[in-house]
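K.L.:
Hey, dropping input.cif in here, mmCIF, C-alpha atoms and all ligand atoms:
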data_entry
#
loop_
_atom_site.group_PDB
_atom_site.id
_atom_site.type_symbol
_atom_site.label_atom_id
_atom_site.label_comp_id
_atom_site.auth_asym_id
_atom_site.auth_seq_id
_atom_site.Cartn_x
_atom_site.Cartn_y
_atom_site.Cartn_z
ATOM 1 C CA MET A 10 -160.109 -72.724 81.887
ATOM 2 C CA LEU A 11 -161.934 -74.504 79.042
ATOM 3 C CA ASP A 12 -159.280 -73.164 76.661
ATOM 4 C CA LEU A 13 -156.842 -75.593 78.273
ATOM 5 C CA PHE A 14 -158.633 -78.417 76.457
ATOM 6 C CA ASN A 15 -159.095 -76.622 73.128
ATOM 7 C CA LEU A 16 -157.393 -78.489 70.259
ATOM 8 C CA LYS A 17 -158.196 -75.951 67.521
ATOM 9 C CA GLY A 18 -155.331 -75.730 65.003
ATOM 10 C CA LYS A 19 -153.935 -79.131 66.026
ATOM 11 C CA VAL A 20 -153.746 -82.178 63.755
ATOM 12 C CA ALA A 21 -154.256 -85.597 65.315
ATOM 13 C CA LEU A 22 -153.184 -88.829 63.660
ATOM 14 C CA VAL A 23 -155.375 -91.666 64.974
ATOM 15 C CA THR A 24 -154.828 -95.296 63.971
ATOM 16 C CA GLY A 25 -157.776 -97.693 63.712
ATOM 17 C CA ALA A 26 -160.337 -94.877 63.783
ATOM 18 C CA ASN A 27 -162.936 -96.711 61.681
ATOM 19 C CA THR A 28 -164.508 -98.467 64.661
ATOM 20 C CA GLY A 29 -164.552 -99.033 68.431
ATOM 21 C CA ILE A 30 -162.225 -97.139 70.723
ATOM 22 C CA GLY A 31 -160.345 -95.409 67.881
ATOM 23 C CA GLN A 32 -163.595 -94.026 66.520
ATOM 24 C CA GLY A 33 -164.608 -92.780 69.978
ATOM 25 C CA ILE A 34 -161.259 -91.045 70.412
ATOM 26 C CA ALA A 35 -161.189 -89.499 66.910
ATOM 27 C CA VAL A 36 -164.695 -88.103 67.377
ATOM 28 C CA ALA A 37 -163.797 -86.634 70.797
ATOM 29 C CA LEU A 38 -160.589 -85.006 69.499
ATOM 30 C CA ALA A 39 -162.495 -83.514 66.557
ATOM 31 C CA GLY A 40 -165.162 -82.277 68.988
ATOM 32 C CA ALA A 41 -162.393 -80.434 70.864
ATOM 33 C CA GLY A 42 -161.305 -78.785 67.592
ATOM 34 C CA ALA A 43 -158.553 -81.026 66.161
ATOM 35 C CA ASP A 44 -158.331 -82.011 62.497
ATOM 36 C CA ILE A 45 -158.091 -85.788 62.079
ATOM 37 C CA ALA A 46 -155.853 -87.989 59.950
ATOM 38 C CA ALA A 47 -157.347 -91.468 60.325
ATOM 39 C CA VAL A 48 -154.932 -94.313 59.560
ATOM 40 C CA GLY A 49 -155.961 -97.894 58.880
ATOM 41 C CA ARG A 50 -156.850 -100.591 56.418
ATOM 42 C CA THR A 51 -160.650 -100.127 56.437
ATOM 43 C CA PRO A 52 -162.101 -96.828 55.150
ATOM 44 C CA PRO A 53 -163.582 -95.012 58.163
ATOM 45 C CA THR A 54 -166.780 -93.978 56.412
ATOM 46 C CA GLU A 55 -168.931 -93.728 59.540
ATOM 47 C CA THR A 56 -166.257 -91.833 61.508
ATOM 48 C CA GLU A 57 -165.816 -89.377 58.633
ATOM 49 C CA ALA A 58 -169.572 -88.694 58.566
ATOM 50 C CA ILE A 59 -169.711 -88.068 62.346
ATOM 51 C CA ILE A 60 -166.662 -85.797 62.237
ATOM 52 C CA ALA A 61 -168.059 -83.820 59.288
ATOM 53 C CA GLU A 62 -170.713 -82.530 61.736
ATOM 54 C CA THR A 63 -167.993 -80.955 63.928
ATOM 55 C CA GLY A 64 -166.496 -78.936 61.057
ATOM 56 C CA ALA A 65 -163.048 -80.473 61.622
ATOM 57 C CA ARG A 66 -160.986 -81.459 58.575
ATOM 58 C CA PHE A 67 -160.656 -85.209 57.989
ATOM 59 C CA HIS A 68 -158.317 -87.289 55.864
ATOM 60 C CA PHE A 69 -158.043 -91.081 55.550
ATOM 61 C CA ILE A 70 -154.582 -92.642 55.111
ATOM 62 C CA SER A 71 -154.806 -96.226 53.917
ATOM 63 C CA ALA A 72 -152.223 -98.486 55.602
ATOM 64 C CA ASP A 73 -151.996 -102.025 56.920
ATOM 65 C CA LEU A 74 -150.276 -101.536 60.271
ATOM 66 C CA GLY A 75 -148.993 -105.102 60.409
ATOM 67 C CA LYS A 76 -145.647 -106.230 59.071
ATOM 68 C CA GLY A 77 -143.615 -103.546 57.381
ATOM 69 C CA ALA A 78 -146.164 -100.726 57.620
ATOM 70 C CA PRO A 79 -144.749 -97.664 55.837
ATOM 71 C CA VAL A 80 -144.919 -95.461 58.923
ATOM 72 C CA SER A 81 -142.850 -92.526 57.703
ATOM 73 C CA ALA A 82 -145.043 -92.366 54.557
ATOM 74 C CA VAL A 83 -148.098 -92.190 56.862
ATOM 75 C CA VAL A 84 -146.722 -89.138 58.665
ATOM 76 C CA GLU A 85 -145.624 -87.549 55.376
ATOM 77 C CA GLU A 86 -149.133 -87.947 53.913
ATOM 78 C CA ALA A 87 -150.722 -86.372 57.012
ATOM 79 C CA VAL A 88 -148.365 -83.399 56.733
ATOM 80 C CA MET A 89 -148.917 -83.071 53.000
ATOM 81 C CA VAL A 90 -152.719 -82.986 53.335
ATOM 82 C CA LEU A 91 -153.332 -81.414 56.762
ATOM 83 C CA GLY A 92 -150.105 -79.442 57.176
ATOM 84 C CA ARG A 93 -148.678 -80.845 60.423
ATOM 85 C CA VAL A 94 -148.902 -83.516 63.111
ATOM 86 C CA ASP A 95 -149.351 -82.474 66.765
ATOM 87 C CA ILE A 96 -151.011 -85.530 68.299
ATOM 88 C CA LEU A 97 -150.540 -89.256 67.667
ATOM 89 C CA VAL A 98 -152.955 -91.844 69.060
ATOM 90 C CA ASN A 99 -151.554 -95.353 68.651
ATOM 91 C CA ASN A 100 -154.894 -97.127 68.913
ATOM 92 C CA ALA A 101 -154.998 -99.878 66.252
ATOM 93 C CA GLY A 102 -154.594 -103.255 67.865
ATOM 94 C CA THR A 103 -155.387 -106.890 67.444
ATOM 95 C CA ILE A 104 -155.713 -109.996 69.618
ATOM 96 C CA ARG A 105 -155.367 -113.763 69.149
ATOM 97 C CA ARG A 106 -156.616 -116.327 71.682
ATOM 98 C CA ALA A 107 -155.152 -119.799 72.316
ATOM 99 C CA ASP A 108 -153.692 -121.768 75.221
ATOM 100 C CA ALA A 109 -150.022 -120.932 75.757
ATOM 101 C CA LEU A 110 -149.147 -124.587 75.031
ATOM 102 C CA GLU A 111 -150.681 -124.293 71.572
ATOM 103 C CA PHE A 112 -149.878 -120.645 70.754
ATOM 104 C CA SER A 113 -148.485 -120.261 67.221
ATOM 105 C CA GLU A 114 -145.534 -118.159 66.106
ATOM 106 C CA ALA A 115 -147.740 -116.494 63.477
ATOM 107 C CA ASP A 116 -150.185 -115.296 66.168
ATOM 108 C CA TRP A 117 -147.269 -114.088 68.261
ATOM 109 C CA ASP A 118 -145.664 -112.113 65.409
ATOM 110 C CA LEU A 119 -148.892 -110.563 64.086
ATOM 111 C CA VAL A 120 -149.988 -109.195 67.471
ATOM 112 C CA LEU A 121 -146.524 -107.925 68.411
ATOM 113 C CA ASP A 122 -146.190 -106.216 65.018
ATOM 114 C CA VAL A 123 -149.529 -104.390 65.151
ATOM 115 C CA ASN A 124 -149.642 -103.654 68.890
ATOM 116 C CA LEU A 125 -146.002 -102.863 69.703
ATOM 117 C CA LYS A 126 -143.595 -102.607 66.764
ATOM 118 C CA THR A 127 -145.711 -100.334 64.564
ATOM 119 C CA PRO A 128 -146.689 -98.023 67.467
ATOM 120 C CA PHE A 129 -142.987 -97.572 68.287
ATOM 121 C CA PHE A 130 -141.954 -96.695 64.741
ATOM 122 C CA LEU A 131 -145.013 -94.510 64.225
ATOM 123 C CA ALA A 132 -144.152 -92.663 67.447
ATOM 124 C CA GLN A 133 -140.587 -92.250 66.167
ATOM 125 C CA ALA A 134 -141.786 -90.840 62.814
ATOM 126 C CA ALA A 135 -144.345 -88.563 64.497
ATOM 127 C CA ALA A 136 -141.819 -87.315 67.066
ATOM 128 C CA ARG A 137 -139.333 -86.428 64.311
ATOM 129 C CA GLN A 138 -142.078 -84.378 62.637
ATOM 130 C CA MET A 139 -143.100 -82.739 65.944
ATOM 131 C CA LEU A 140 -139.475 -81.796 66.646
ATOM 132 C CA ALA A 141 -139.118 -80.318 63.144
ATOM 133 C CA GLN A 142 -142.261 -78.214 63.770
ATOM 134 C CA GLY A 143 -140.714 -76.950 67.027
ATOM 135 C CA GLU A 144 -143.902 -76.812 69.107
ATOM 136 C CA GLY A 145 -143.799 -80.143 70.926
ATOM 137 C CA GLY A 146 -146.552 -82.710 70.703
ATOM 138 C CA LYS A 147 -148.623 -85.356 72.408
ATOM 139 C CA ILE A 148 -148.393 -89.110 71.920
ATOM 140 C CA ILE A 149 -151.066 -91.354 73.424
ATOM 141 C CA ASN A 150 -150.650 -95.122 73.364
ATOM 142 C CA ILE A 151 -153.532 -97.462 74.050
ATOM 143 C CA ALA A 152 -152.563 -99.907 76.777
ATOM 144 C CA SER A 153 -154.904 -102.395 78.522
ATOM 145 C CA MET A 154 -155.745 -104.034 81.825
ATOM 146 C CA LEU A 155 -153.195 -106.579 80.540
ATOM 147 C CA SER A 156 -150.536 -103.896 80.944
ATOM 148 C CA TYR A 157 -151.065 -104.594 84.685
ATOM 149 C CA GLN A 158 -152.400 -108.152 84.781
ATOM 150 C CA GLY A 159 -151.519 -111.442 83.095
ATOM 151 C CA GLY A 160 -154.780 -112.413 81.435
ATOM 152 C CA ILE A 161 -155.324 -115.904 80.074
ATOM 153 C CA ARG A 162 -155.029 -117.455 76.578
ATOM 154 C CA VAL A 163 -153.729 -114.179 75.099
ATOM 155 C CA ALA A 164 -149.937 -114.565 75.385
ATOM 156 C CA SER A 165 -148.927 -112.221 72.571
ATOM 157 C CA TYR A 166 -151.545 -109.610 73.518
ATOM 158 C CA THR A 167 -150.373 -109.513 77.154
ATOM 159 C CA ALA A 168 -146.746 -109.257 76.010
ATOM 160 C CA SER A 169 -147.628 -106.413 73.633
ATOM 161 C CA LYS A 170 -149.679 -104.437 76.154
ATOM 162 C CA SER A 171 -147.114 -104.908 78.933
ATOM 163 C CA GLY A 172 -144.531 -103.816 76.372
ATOM 164 C CA ILE A 173 -146.473 -100.689 75.401
ATOM 165 C CA ALA A 174 -146.587 -99.678 79.085
ATOM 166 C CA GLY A 175 -142.793 -99.891 79.329
ATOM 167 C CA LEU A 176 -142.310 -98.183 75.985
ATOM 168 C CA THR A 177 -144.583 -95.304 77.047
ATOM 169 C CA LYS A 178 -142.296 -94.660 80.028
ATOM 170 C CA LEU A 179 -139.096 -94.996 78.001
ATOM 171 C CA LEU A 180 -140.287 -92.547 75.336
ATOM 172 C CA ALA A 181 -141.468 -90.137 78.030
ATOM 173 C CA ASN A 182 -138.009 -90.245 79.620
ATOM 174 C CA GLU A 183 -136.312 -89.496 76.300
ATOM 175 C CA TRP A 184 -138.728 -86.900 74.919
ATOM 176 C CA ALA A 185 -140.213 -85.029 77.913
ATOM 177 C CA ALA A 186 -137.467 -82.408 77.851
ATOM 178 C CA LYS A 187 -138.065 -81.963 74.109
ATOM 179 C CA GLY A 188 -141.683 -80.921 74.737
ATOM 180 C CA ILE A 189 -143.287 -84.186 73.662
ATOM 181 C CA ASN A 190 -145.635 -85.809 76.185
ATOM 182 C CA VAL A 191 -145.911 -89.576 75.886
ATOM 183 C CA ASN A 192 -148.674 -91.203 77.924
ATOM 184 C CA ALA A 193 -151.090 -94.110 77.646
ATOM 185 C CA ILE A 194 -154.746 -94.786 78.309
ATOM 186 C CA ALA A 195 -155.491 -98.213 79.752
ATOM 187 C CA PRO A 196 -159.085 -99.092 78.851
ATOM 188 C CA GLY A 197 -160.921 -101.614 80.979
ATOM 189 C CA TYR A 198 -163.520 -103.816 79.284
ATOM 190 C CA PHE A 199 -165.144 -102.033 76.347
ATOM 191 C CA ALA A 200 -167.889 -103.308 74.073
ATOM 192 C CA THR A 201 -166.080 -103.447 70.692
ATOM 193 C CA ASN A 202 -165.140 -106.103 68.099
ATOM 194 C CA ASN A 203 -162.040 -106.861 70.184
ATOM 195 C CA THR A 204 -164.146 -108.200 73.082
ATOM 196 C CA GLU A 205 -167.014 -109.778 71.132
ATOM 197 C CA ALA A 206 -165.832 -113.321 71.984
ATOM 198 C CA LEU A 207 -165.854 -112.497 75.707
ATOM 199 C CA ARG A 208 -169.313 -110.941 75.599
ATOM 200 C CA ASN A 209 -170.684 -113.923 73.666
ATOM 201 C CA ASP A 210 -169.397 -116.311 76.346
ATOM 202 C CA GLU A 211 -172.139 -116.125 79.016
ATOM 203 C CA GLN A 212 -169.896 -117.194 81.889
ATOM 204 C CA ARG A 213 -167.001 -114.829 80.988
ATOM 205 C CA ASN A 214 -169.454 -111.986 80.421
ATOM 206 C CA ARG A 215 -170.991 -112.530 83.868
ATOM 207 C CA ASP A 216 -167.565 -112.837 85.556
ATOM 208 C CA ILE A 217 -166.282 -109.661 83.921
ATOM 209 C CA LEU A 218 -169.390 -107.606 84.708
ATOM 210 C CA GLY A 219 -169.304 -108.882 88.276
ATOM 211 C CA ARG A 220 -165.878 -107.339 88.798
ATOM 212 C CA ILE A 221 -166.600 -103.924 87.257
ATOM 213 C CA PRO A 222 -167.728 -101.546 90.027
ATOM 214 C CA ALA A 223 -169.523 -99.381 87.447
ATOM 215 C CA GLY A 224 -171.600 -102.459 86.605
ATOM 216 C CA ARG A 225 -171.407 -102.156 82.806
ATOM 217 C CA TRP A 226 -169.041 -102.559 79.860
ATOM 218 C CA GLY A 227 -167.391 -99.335 78.700
ATOM 219 C CA ALA A 228 -168.569 -97.552 75.546
ATOM 220 C CA PRO A 229 -165.978 -95.976 73.211
ATOM 221 C CA SER A 230 -167.356 -92.526 74.068
ATOM 222 C CA ASP A 231 -166.312 -93.147 77.710
ATOM 223 C CA LEU A 232 -162.673 -92.706 76.595
ATOM 224 C CA GLY A 233 -163.081 -89.391 74.776
ATOM 225 C CA GLY A 234 -162.488 -87.148 77.772
ATOM 226 C CA ALA A 235 -159.265 -88.915 78.755
ATOM 227 C CA ALA A 236 -157.964 -88.641 75.182
ATOM 228 C CA VAL A 237 -158.794 -84.933 74.898
ATOM 229 C CA PHE A 238 -157.172 -84.321 78.286
ATOM 230 C CA LEU A 239 -153.909 -86.112 77.403
ATOM 231 C CA ALA A 240 -153.827 -84.427 73.977
ATOM 232 C CA SER A 241 -154.318 -80.936 75.411
ATOM 233 C CA ARG A 242 -152.313 -78.242 77.193
ATOM 234 C CA ALA A 243 -153.919 -79.452 80.414
ATOM 235 C CA ALA A 244 -151.524 -82.426 80.285
ATOM 236 C CA ASP A 245 -148.326 -80.458 79.562
ATOM 237 C CA TYR A 246 -146.625 -81.681 82.771
ATOM 238 C CA ILE A 247 -147.835 -85.289 82.535
ATOM 239 C CA HIS A 248 -145.271 -87.744 81.199
ATOM 240 C CA GLY A 249 -145.062 -91.538 81.103
ATOM 241 C CA THR A 250 -148.320 -92.245 82.894
ATOM 242 C CA LEU A 251 -150.916 -94.948 82.265
ATOM 243 C CA LEU A 252 -154.408 -93.569 82.821
ATOM 244 C CA PRO A 253 -156.891 -96.383 83.499
ATOM 245 C CA VAL A 254 -160.424 -95.770 82.215
ATOM 246 C CA ASP A 255 -161.905 -98.968 83.543
ATOM 247 C CA GLY A 256 -165.157 -98.427 85.462
ATOM 248 C CA GLY A 257 -163.142 -99.212 88.605
ATOM 249 C CA TRP A 258 -161.802 -102.646 87.499
ATOM 250 C CA LEU A 259 -158.320 -102.101 88.962
ATOM 251 C CA ALA A 260 -159.722 -100.887 92.250
ATOM 252 C CA ARG A 261 -161.195 -104.351 92.943
HETATM 253 P P1 LIG A 301 -161.604 -103.119 67.396
HETATM 254 O O1 LIG A 301 -163.000 -102.607 67.335
HETATM 255 O O2 LIG A 301 -161.301 -104.524 66.988
HETATM 256 O O3 LIG A 301 -160.661 -102.108 66.627
HETATM 257 C C1 LIG A 301 -159.327 -102.407 66.339
HETATM 258 C C2 LIG A 301 -158.816 -101.403 65.322
HETATM 259 O O4 LIG A 301 -157.459 -101.741 64.984
HETATM 260 C C3 LIG A 301 -159.628 -101.443 64.027
HETATM 261 O O5 LIG A 301 -159.696 -100.164 63.476
HETATM 262 C C4 LIG A 301 -158.775 -102.351 63.164
HETATM 263 O O6 LIG A 301 -158.968 -102.180 61.788
HETATM 264 C C5 LIG A 301 -157.392 -101.869 63.575
HETATM 265 N N1 LIG A 301 -156.381 -102.819 63.140
HETATM 266 C C6 LIG A 301 -156.175 -104.070 63.584
HETATM 267 N N2 LIG A 301 -155.188 -104.657 62.881
HETATM 268 C C7 LIG A 301 -154.774 -103.735 61.958
HETATM 269 C C8 LIG A 301 -153.802 -103.737 60.927
HETATM 270 N N3 LIG A 301 -153.029 -104.794 60.674
HETATM 271 N N4 LIG A 301 -153.650 -102.617 60.176
HETATM 272 C C9 LIG A 301 -154.430 -101.540 60.403
HETATM 273 N N5 LIG A 301 -155.377 -101.483 61.360
HETATM 274 C C10 LIG A 301 -155.536 -102.576 62.121
HETATM 275 O O7 LIG A 301 -161.095 -103.073 68.886
HETATM 276 P P2 LIG A 301 -161.011 -101.912 69.974
HETATM 277 O O8 LIG A 301 -161.468 -102.505 71.226
HETATM 278 O O9 LIG A 301 -161.615 -100.639 69.500
HETATM 279 O O10 LIG A 301 -159.423 -101.760 70.072
HETATM 280 C C11 LIG A 301 -158.735 -100.535 69.956
HETATM 281 C C12 LIG A 301 -157.525 -100.566 70.867
HETATM 282 O O11 LIG A 301 -157.962 -100.641 72.218
HETATM 283 C C13 LIG A 301 -156.617 -101.773 70.645
HETATM 284 O O12 LIG A 301 -155.271 -101.387 70.794
HETATM 285 C C14 LIG A 301 -157.032 -102.704 71.768
HETATM 286 O O13 LIG A 301 -156.031 -103.604 72.112
HETATM 287 C C15 LIG A 301 -157.283 -101.689 72.861
HETATM 288 N N6 LIG A 301 -158.080 -102.168 73.992
HETATM 289 C C16 LIG A 301 -159.375 -102.567 73.834
HETATM 290 C C17 LIG A 301 -160.096 -102.967 74.951
HETATM 291 C C18 LIG A 301 -161.536 -103.376 74.858
HETATM 292 O O14 LIG A 301 -162.085 -103.778 75.899
HETATM 293 N N7 LIG A 301 -162.191 -103.300 73.751
HETATM 294 C C19 LIG A 301 -159.488 -102.985 76.212
HETATM 295 C C20 LIG A 301 -158.166 -102.588 76.320
HETATM 296 C C21 LIG A 301 -157.472 -102.162 75.211
HETATM 297 P P3 LIG A 301 -160.012 -103.148 60.988
HETATM 298 O O15 LIG A 301 -161.384 -102.675 61.361
HETATM 299 O O16 LIG A 301 -159.657 -102.923 59.569
HETATM 300 O O17 LIG A 301 -159.737 -104.545 61.469
#
Reformat the file's structure so that it appears as structure tokens.
P.N.:
Amino acid sequence: MLDLFNLKGKVALVTGANTGIGQGIAVALAGAGADIAAVGRTPPTETEAIIAETGARFHFISADLGKGAPVSAVVEEAVMVLGRVDILVNNAGTIRRADALEFSEADWDLVLDVNLKTPFFLAQAAARQMLAQGEGGKIINIASMLSYQGGIRVASYTASKSGIAGLTKLLANEWAAKGINVNAIAPGYFATNNTEALRNDEQRNRDILGRIPAGRWGAPSDLGGAAVFLASRAADYIHGTLLPVDGGWLAR
């Protein structure tokens, strides 16, 4: 039974693995046996040190995932160094906050580029590689509670995370029969850089905690199990789903 979740021999490409949720996911995948290609603009020194303990191979691919990210070069480098790509986790993401009446075009474009455009083209490049390998693959997008809800003062973020939910289903429809599973994890409220402004605002912090049945913010390690599951053989018949890991937020 446990073998169902074993990722030995698999290579996982994880974006934004230097910190937060991406770090939690990379560490969990490595713990299940996968080798990790970490993609991002900040060297993931801490993640590399944690993963070294698991014995998994680790390689950092330096790339700014904003405008014009060279996504096919990212996949090529992973293949060159680690031999293949079996799993893609589109985790890197950014957020900008302003009233909709004041929201700037620059903040719209940046967030849509990092959170939606790059994940699509990275999925395309990874899927081409997976198809060439002939053994299928797993793609996991990181969605949000704002894939379900509207949010406030985060217009481009809500658009991007609602978009990633739709894109996850579209890619699943096109690639399921080719052996590629495309799914998403929808984290609730996690204590990372992304939510620092919310946690520093006493009122927002209290309001958010008051709605989480689990009674606490999520920690990046809370997402590891869901990522290993969706990356493993256990999820072979799961396509186009959004898996909330939210301490019960959506149940309220
Ligand atoms: P985080 O700690 O701010 O991490 C974001 C990651 O994305 C970092 O590795 C960051 O790299 C990377 N990134 C941002 N812009 C980039 C760019 N242009 N090029 C390359 N890398 C870039 O936030 P997090 O909470 O872990 O977020 C991870 C994912 O979870 C995001 O997609 C976020 O939207 C999603 N999410 C988070 C929550 C939450 O409650 N925290 C809830 C729902 C969804 P740098 O360190 O170099 O900036």
K.L.:
Would you kindly translate the PyMOL selection byres (((chain A and resi 80) around 8) and not hetatm) into the concrete residues it picks from this file, as number ranges by chain?
P.N.:
A: 78-79, 81-84, 127, 130-131, 134
K.L.:
May I ask which of the residues A:Met154, A:Ala223, A:Val90, A:Leu252 is the closest one to ligand LIG 301 (chain A), counting all atoms listed in the file?
P.N.:
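Residue with the minimum atom-to-atom distance to ligand LIG 301 (chain A): A:Met154.
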K.L.:
Do you know which residues are within 7 Å of ligand LIG 301 (chain A) using all atoms listed in the file? Can you write them as a PDB file with C-alpha atoms, keeping the file's coordinate frame?
P.N.:
ATOM      1  CA  THR A  24    -154.828 -95.296  63.971  1.00  0.00           C
ATOM      2  CA  GLY A  25    -157.776 -97.693  63.712  1.00  0.00           C
ATOM      3  CA  ALA A  26    -160.337 -94.877  63.783  1.00  0.00           C
ATOM      4  CA  ASN A  27    -162.936 -96.711  61.681  1.00  0.00           C
ATOM      5  CA  THR A  28    -164.508 -98.467  64.661  1.00  0.00           C
ATOM      6  CA  GLY A  29    -164.552 -99.033  68.431  1.00  0.00           C
ATOM      7  CA  ILE A  30    -162.225 -97.139  70.723  1.00  0.00           C
ATOM      8  CA  GLY A  31    -160.345 -95.409  67.881  1.00  0.00           C
ATOM      9  CA  GLY A  49    -155.961 -97.894  58.880  1.00  0.00           C
ATOM     10  CA  ARG A  50    -156.850-100.591  56.418  1.00  0.00           C
ATOM     11  CA  THR A  51    -160.650-100.127  56.437  1.00  0.00           C
ATOM     12  CA  ALA A  72    -152.223 -98.486  55.602  1.00  0.00           C
ATOM     13  CA  ASP A  73    -151.996-102.025  56.920  1.00  0.00           C
ATOM     14  CA  LEU A  74    -150.276-101.536  60.271  1.00  0.00           C
ATOM     15  CA  GLY A  75    -148.993-105.102  60.409  1.00  0.00           C
ATOM     16  CA  ASN A 100    -154.894 -97.127  68.913  1.00  0.00           C
ATOM     17  CA  ALA A 101    -154.998 -99.878  66.252  1.00  0.00           C
ATOM     18  CA  GLY A 102    -154.594-103.255  67.865  1.00  0.00           C
ATOM     19  CA  THR A 103    -155.387-106.890  67.444  1.00  0.00           C
ATOM     20  CA  ILE A 104    -155.713-109.996  69.618  1.00  0.00           C
ATOM     21  CA  VAL A 123    -149.529-104.390  65.151  1.00  0.00           C
ATOM     22  CA  ASN A 124    -149.642-103.654  68.890  1.00  0.00           C
ATOM     23  CA  ILE A 151    -153.532 -97.462  74.050  1.00  0.00           C
ATOM     24  CA  ALA A 152    -152.563 -99.907  76.777  1.00  0.00           C
ATOM     25  CA  SER A 153    -154.904-102.395  78.522  1.00  0.00           C
ATOM     26  CA  MET A 154    -155.745-104.034  81.825  1.00  0.00           C
ATOM     27  CA  ALA A 195    -155.491 -98.213  79.752  1.00  0.00           C
ATOM     28  CA  PRO A 196    -159.085 -99.092  78.851  1.00  0.00           C
ATOM     29  CA  GLY A 197    -160.921-101.614  80.979  1.00  0.00           C
ATOM     30  CA  TYR A 198    -163.520-103.816  79.284  1.00  0.00           C
ATOM     31  CA  PHE A 199    -165.144-102.033  76.347  1.00  0.00           C
ATOM     32  CA  ALA A 200    -167.889-103.308  74.073  1.00  0.00           C
ATOM     33  CA  THR A 201    -166.080-103.447  70.692  1.00  0.00           C
ATOM     34  CA  ASN A 202    -165.140-106.103  68.099  1.00  0.00           C
ATOM     35  CA  ASN A 203    -162.040-106.861  70.184  1.00  0.00           C
ATOM     36  CA  THR A 204    -164.146-108.200  73.082  1.00  0.00           C
TER      37      THR A 204
END
K.L.:
For A:Trp226, list every protein, DNA or RNA residue within 12 Å, evaluated using all atoms listed in the file, and leave out those in the same chain fewer than 3 positions away; present the list as a PyMOL selection string.
P.N.:
chain A and resi 196-201+204-205+207-208+214-223+229-231+254-258
K.L.:
With C-alpha atoms retained, export the selected residues as a JSON list (two decimals), in the frame of the given file.
P.N.:
[["chain", "number", "residue", "atom", "x", "y", "z"],
["A", 196, "PRO", "CA", -159.08, -99.09, 78.85],
["A", 197, "GLY", "CA", -160.92, -101.61, 80.98],
["A", 198, "TYR", "CA", -163.52, -103.82, 79.28],
["A", 199, "PHE", "CA", -165.14, -102.03, 76.35],
["A", 200, "ALA", "CA", -167.89, -103.31, 74.07],
["A", 201, "THR", "CA", -166.08, -103.45, 70.69],
["A", 204, "THR", "CA", -164.15, -108.20, 73.08],
["A", 205, "GLU", "CA", -167.01, -109.78, 71.13],
["A", 207, "LEU", "CA", -165.85, -112.50, 75.71],
["A", 208, "ARG", "CA", -169.31, -110.94, 75.60],
["A", 214, "ASN", "CA", -169.45, -111.99, 80.42],
["A", 215, "ARG", "CA", -170.99, -112.53, 83.87],
["A", 216, "ASP", "CA", -167.56, -112.84, 85.56],
["A", 217, "ILE", "CA", -166.28, -109.66, 83.92],
["A", 218, "LEU", "CA", -169.39, -107.61, 84.71],
["A", 219, "GLY", "CA", -169.30, -108.88, 88.28],
["A", 220, "ARG", "CA", -165.88, -107.34, 88.80],
["A", 221, "ILE", "CA", -166.60, -103.92, 87.26],
["A", 222, "PRO", "CA", -167.73, -101.55, 90.03],
["A", 223, "ALA", "CA", -169.52, -99.38, 87.45],
["A", 229, "PRO", "CA", -165.98, -95.98, 73.21],
["A", 230, "SER", "CA", -167.36, -92.53, 74.07],
["A", 231, "ASP", "CA", -166.31, -93.15, 77.71],
["A", 254, "VAL", "CA", -160.42, -95.77, 82.22],
["A", 255, "ASP", "CA", -161.90, -98.97, 83.54],
["A", 256, "GLY", "CA", -165.16, -98.43, 85.46],
["A", 257, "GLY", "CA", -163.14, -99.21, 88.60],
["A", 258, "TRP", "CA", -161.80, -102.65, 87.50]]
K.L.:
Which residue gives the smallest distance to A:Asp95 among A:Ile189, A:Leu232, A:Ile194, A:Ile70, with all atoms listed in the file counted?
P.N.:
A:Ile189
K.L.:
Report as a compact mmCIF listing (two decimals) with C-alpha atoms, keeping the file's coordinate frame all protein, DNA and RNA residues lying within 12 Å of stretch 114-116 of chain A, evaluated on only C-alpha atoms, omitting residues in the same chain fewer than 6 positions from it.
P.N.:
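Generated output (around-v7.txt):
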# COMPACT_ATOMS: atom_id res chain seq x y z
CA GLY A 75 -148.99 -105.10 60.41
CA LYS A 76 -145.65 -106.23 59.07
CA THR A 103 -155.39 -106.89 67.44
CA ILE A 104 -155.71 -110.00 69.62
CA ARG A 105 -155.37 -113.76 69.15
CA ARG A 106 -156.62 -116.33 71.68
CA ALA A 107 -155.15 -119.80 72.32
CA ASP A 108 -153.69 -121.77 75.22
CA ASP A 122 -146.19 -106.22 65.02
CA VAL A 123 -149.53 -104.39 65.15
CA ASN A 124 -149.64 -103.65 68.89
CA ARG A 162 -155.03 -117.46 76.58
CA VAL A 163 -153.73 -114.18 75.10
CA ALA A 164 -149.94 -114.56 75.39
CA SER A 165 -148.93 -112.22 72.57
CA TYR A 166 -151.54 -109.61 73.52
CA SER A 169 -147.63 -106.41 73.63
K.L.:
Would you list the contacts of A:Ile247 as a list in words, taking every protein, DNA or RNA residue within 10 Å and counting all atoms listed in the file, but skipping same-chain residues closer than 3 positions in sequence?
P.N.:
Ala181, Ala185, Asn190, Val191, Asn192, Leu239, Arg242, Ala243, Ala244 and Thr250 of chain A
K.L.:
Please identify all polymer residues within 8 Å of A:His68, counting all atoms listed in the file, omitting same-chain residues fewer than 6 positions from it, and present them as a PyMOL selection string.
P.N.:
chain A and resi 45-47+87+90-91
K.L.:
From the set A:Leu155, A:Ala186, A:Ala61, A:Val88, which residue has the shortest atom-to-atom contact distance to A:Ala39, counting only C-alpha atoms?
P.N.:
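Distance minimum relative to A:Ala39 lands on A:Ala61.
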K.L.:
If you count all atoms listed in the file, which residues fall within 9 Å of A:Ile96, apart from same-chain ones fewer than 4 positions away, as a list in words?
P.N.:
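That gives Lys19, Val20, Ala21, Leu22, Val23, Ala135, Met139, Gly146, Lys147, Ile148, Ile149 and Ala240 of chain A.
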